[in-house]
Amino acid sequence: MRVGLLTREYPPDVYGGAGVHVEFLARELRSLTDLDVHCWGEGGAGGVVRHRSWPSLDGANDALRTFSVDLTMAAALEGRELVHSHTWYAGLAGHLGKLLHGIPHVVTAHSLEPLRPWKAEQLGGGYALSSWAERIAVESADAVIAVSAAMREDILGCYPSLDPARVRVIHNGIDTRLYRPDHGTDVLRRVGLDPGRPYVLFVGRVTRQKGVPHLLRAVRDIDPAAQVVLCAGAPDTPEIDREFRDLFDELSTVRRGVHWIPQMLPRADVVQLLTHAAVFVCPSVYEPLGIVNLEAMACGTAVVASRVGGIPEVVDDGRTGLLVPVEDDFEQRLAAALDSLVTDPEAARRMGEAGRERAVREFGWDAVARRTVGLYEEVLEAGDARQAGQRG
């Protein structure tokens, strides 16, 4: 089976959960299919083809630049039997490839533009274009993969004309061989942490979706003995960047041990930080699944997360972590949940151990890849049946 996998992010240029998903899914698919990966960037080798936006669009709206990449990706799909796109950045390429080459198109929806109105701050008028591209790709796809059951409901809510039978749930996965407890302390010392004090850890982008401003206000009220570590970069807009910096500066004046790491750390460094955290926090206001919670669980760390989207399908409330409803008192409840685990290391330890067990048992990438290939086969068989019916 000759598959073209389309994505914006691919190693070494991975900055979010969708990129992590594609990296590990592609690794497993290579043993099951004849796979070409098409992504953004320069050059390419070993079954990876990198595409850049047209130079004539340098400085243009990001959505227009994305569409130029989509055109080059679609042209490069000749000879593939099926195309599988990830996020709106590649969805239009998948749709055009379907039409141009007469092949089925599978879409994995990692998030939905109608549920991210704050993206208008980042894209301006391009948000209307990204929303249009997503709609075209999703509504015309032969199959749509939702990364959680909650995400499936969101997809059908945003795109009611879509046949529910075409929307399948295949959860994200985690490589528990890479994400496993690392009890070294060299990374902690390098970033200036005191190994003798507990710390709350956040890892994610500086974006409204991730709820970072809520977290910066909430941690004002947790145990003053706790450190706060923010692995937070890639701000969506200058405005959210300024808001983050202002809140960080305010927080730093009222408590000691606040650490901001704006650069992308190597995976091994993140694993060590996850391992030693008293608690990992995910304060997202929108999250189709939240793969970073799986990463923390695989490292044996308790999780405090918002009760939104697909997070409850990953974090078992009261067993592997604590879930906080996103309501008017969200920040107060978030602070209370964090404080309860920072001040009760035995409870945090039990939850961390249960989280590691759950990650190993239920979220392996090999199983994710097998389910994905099974869907490919269904889609191809359905296409063959339609063609046979038309000939008859």
# chains A, B, ... in the order shown; residues from 1 in each chain; ligands from 1
$ closest_atom_pairs --of "region 261-331 of chain A" --to "region 203-211 of chain A" --cutoff "8 Å" --atoms "only C-alpha atoms" --output "tab-separated table"
residue	atom	partner	partner_atom	distance
A:Cys282	CA	A:Lys210	CA	7.3
A:Pro283	CA	A:Gly211	CA	5.1
A:Ser284	CA	A:Lys210	CA	4.0
A:Val285	CA	A:Gln209	CA	5.5
A:Tyr286	CA	A:Gln209	CA	5.5
A:Glu287	CA	A:Gln209	CA	7.5
A:Val292	CA	A:Val203	CA	7.5
$ write_last_selection --atoms "C-alpha atoms" --output "PDB file, in the first residue's frame"
ATOM      1  CA  CYS A 282      -2.027  21.120  31.624  1.00  0.00           C
ATOM      2  CA  PRO A 283      -4.383  24.140  31.967  1.00  0.00           C
ATOM      3  CA  SER A 284      -5.702  24.050  28.375  1.00  0.00           C
ATOM      4  CA  VAL A 285      -9.056  25.644  27.612  1.00  0.00           C
ATOM      5  CA  TYR A 286      -9.331  23.525  24.436  1.00  0.00           C
ATOM      6  CA  GLU A 287      -7.575  20.190  23.930  1.00  0.00           C
ATOM      7  CA  VAL A 292       1.751  15.961  26.630  1.00  0.00           C
TER       8      VAL A 292
END
$ select_by_dssp --residues "region 35-65 of chain A" --states "strand (DSSP E)" --output "list in words"
Leu35, Asp36, Val37, His38, Cys39, Trp40, Val48, Val49, Arg50 and His51 of chain A
$ closest_atom_pairs --of "region 279-346 of chain A" --to "region 158-176 of chain A" --cutoff "12 Å" --atoms "only C-alpha atoms" --output "tab-separated table"
residue	atom	partner	partner_atom	distance
A:Pro288	CA	A:His171	CA	10.0
A:Leu289	CA	A:Asn172	CA	7.4
A:Gly290	CA	A:Asn172	CA	8.6
A:Ile291	CA	A:Asn172	CA	6.7
A:Val292	CA	A:Ile174	CA	9.3
A:Asn293	CA	A:Ile174	CA	9.9
A:Leu294	CA	A:Ile174	CA	6.5
A:Glu295	CA	A:Ile174	CA	6.7
A:Ala296	CA	A:Ile174	CA	10.1
A:Met297	CA	A:Thr176	CA	9.5
A:Ala298	CA	A:Thr176	CA	5.9
A:Cys299	CA	A:Thr176	CA	8.1
A:Gly300	CA	A:Thr176	CA	10.4
A:Gly310	CA	A:His171	CA	9.3
A:Ile311	CA	A:His171	CA	11.1
A:Glu313	CA	A:His171	CA	9.1
A:Val314	CA	A:His171	CA	9.3
$ write_last_selection --atoms "C-alpha atoms" --output "short mmCIF file (atom, residue, chain, number, x, y, z; two decimals), in the first residue's frame"
data_model
loop_
_atom_site.label_atom_id
_atom_site.label_comp_id
_atom_site.auth_asym_id
_atom_site.auth_seq_id
_atom_site.Cartn_x
_atom_site.Cartn_y
_atom_site.Cartn_z
CA PRO A 288 -8.71 17.40 21.58
CA LEU A 289 -6.54 14.91 23.51
CA GLY A 290 -3.40 16.42 25.04
CA ILE A 291 -0.50 14.14 24.15
CA VAL A 292 1.75 15.96 26.63
CA ASN A 293 -0.32 14.47 29.47
CA LEU A 294 0.55 11.01 28.17
CA GLU A 295 4.22 11.99 28.12
CA ALA A 296 4.06 13.04 31.77
CA MET A 297 2.20 9.88 32.77
CA ALA A 298 4.73 7.70 30.95
CA CYS A 299 7.45 9.38 33.01
CA GLY A 300 5.63 8.41 36.21
CA GLY A 310 -10.25 14.48 25.24
CA ILE A 311 -8.19 15.00 28.40
CA GLU A 313 -9.98 10.02 28.15
CA VAL A 314 -6.29 10.12 29.13
#
$ closest_residue --among "A:Val83, A:Val147, A:His110, A:Gly97" --to "Ala18 (chain A)" --atoms "only C-alpha atoms"
A:His110
$ residues_around --residues "Gly102 (chain A)" --least-positions-apart "4" --cutoff "12 Å" --atoms "only C-alpha atoms" --output "PyMOL selection string"
chain A and resi 74+77-83+94-98+142+380+383-384+387
$ residues_around --residues "region 213-229 of chain A" --least-positions-apart "6" --cutoff "9 Å" --atoms "only C-alpha atoms" --output "ChimeraX atom specification"
/A:193-194,197-203,206-207,243-244,247-248,251,254-261,273,277-278,281-284,330-336,338-340,342-343
$ closest_residue --among "A:Met73, A:Ala232, A:Leu156, A:Ala305" --to "Ala109 (chain A)" --atoms "only C-alpha atoms"
A:Leu156
$ residues_around --residues "Gly46 (chain A)" --least-positions-apart "3" --cutoff "10 Å" --atoms "only C-alpha atoms" --output "ChimeraX atom specification"
/A:36-37,49
$ closest_residue --among "A:His105, A:Glu250, A:Arg356, A:Pro238" --to "Glu139 (chain A)" --atoms "only C-alpha atoms"
A:His105
$ select_by_dssp --residues "region 38-207 of chain A" --states "helix (DSSP H, G or I)" --output "MDAnalysis selection string"
chainID A and resid 55:57 62:75 88:101 113:115 119:123 126:140 149:158 164:166 186:190
$ closest_residue --among "A:Gly124, A:Ala302, A:Leu99, A:Met1" --to "Ala60 (chain A)" --atoms "only C-alpha atoms"
A:Gly124
$ atom_distance --atom1 "CA of Tyr179 (chain A)" --atom2 "CA of Asp34 (chain A)"
27.3 Å
$ closest_residue --among "A:Thr320, A:Ala93, A:Gly44, A:Glu327" --to "Ser306 (chain A)" --atoms "only C-alpha atoms"
A:Glu327
$ closest_residue --among "A:Asp316, A:Glu121, A:Asp344, A:Asp241" --to "Val279 (chain A)" --atoms "only C-alpha atoms"
A:Asp344
$ residues_around --residues "Thr72 (chain A)" --least-positions-apart "4" --cutoff "9 Å" --atoms "only C-alpha atoms" --output "ChimeraX atom specification"
/A:51-53,67-68,76,93
$ write_last_selection --atoms "N, CA and C atoms" --output "PDB file, in the first residue's frame"
ATOM      1  N   HIS A  51       8.864  20.567   1.588  1.00  0.00           N
ATOM      2  CA  HIS A  51       8.344  21.580   0.675  1.00  0.00           C
ATOM      3  C   HIS A  51       8.387  22.941   1.364  1.00  0.00           C
ATOM      4  N   ARG A  52       8.715  23.963   0.621  1.00  0.00           N
ATOM      5  CA  ARG A  52       8.670  25.312   1.185  1.00  0.00           C
ATOM      6  C   ARG A  52       7.675  26.156   0.398  1.00  0.00           C
ATOM      7  N   SER A  53       7.219  27.209   1.038  1.00  0.00           N
ATOM      8  CA  SER A  53       6.264  28.098   0.368  1.00  0.00           C
ATOM      9  C   SER A  53       6.952  28.830  -0.774  1.00  0.00           C
ATOM     10  N   PHE A  67      -1.070  27.601   1.499  1.00  0.00           N
ATOM     11  CA  PHE A  67      -1.720  27.073   0.300  1.00  0.00           C
ATOM     12  C   PHE A  67      -0.699  26.807  -0.809  1.00  0.00           C
ATOM     13  N   SER A  68       0.348  27.610  -0.889  1.00  0.00           N
ATOM     14  CA  SER A  68       1.366  27.353  -1.915  1.00  0.00           C
ATOM     15  C   SER A  68       2.105  26.048  -1.624  1.00  0.00           C
ATOM     16  N   ALA A  76       3.123  16.368  -5.844  1.00  0.00           N
ATOM     17  CA  ALA A  76       4.135  15.338  -5.559  1.00  0.00           C
ATOM     18  C   ALA A  76       3.527  13.990  -5.186  1.00  0.00           C
ATOM     19  N   ALA A  93      -3.935  20.182   0.711  1.00  0.00           N
ATOM     20  CA  ALA A  93      -3.070  19.357  -0.150  1.00  0.00           C
ATOM     21  C   ALA A  93      -3.659  17.965  -0.312  1.00  0.00           C
TER      22      ALA A  93
END
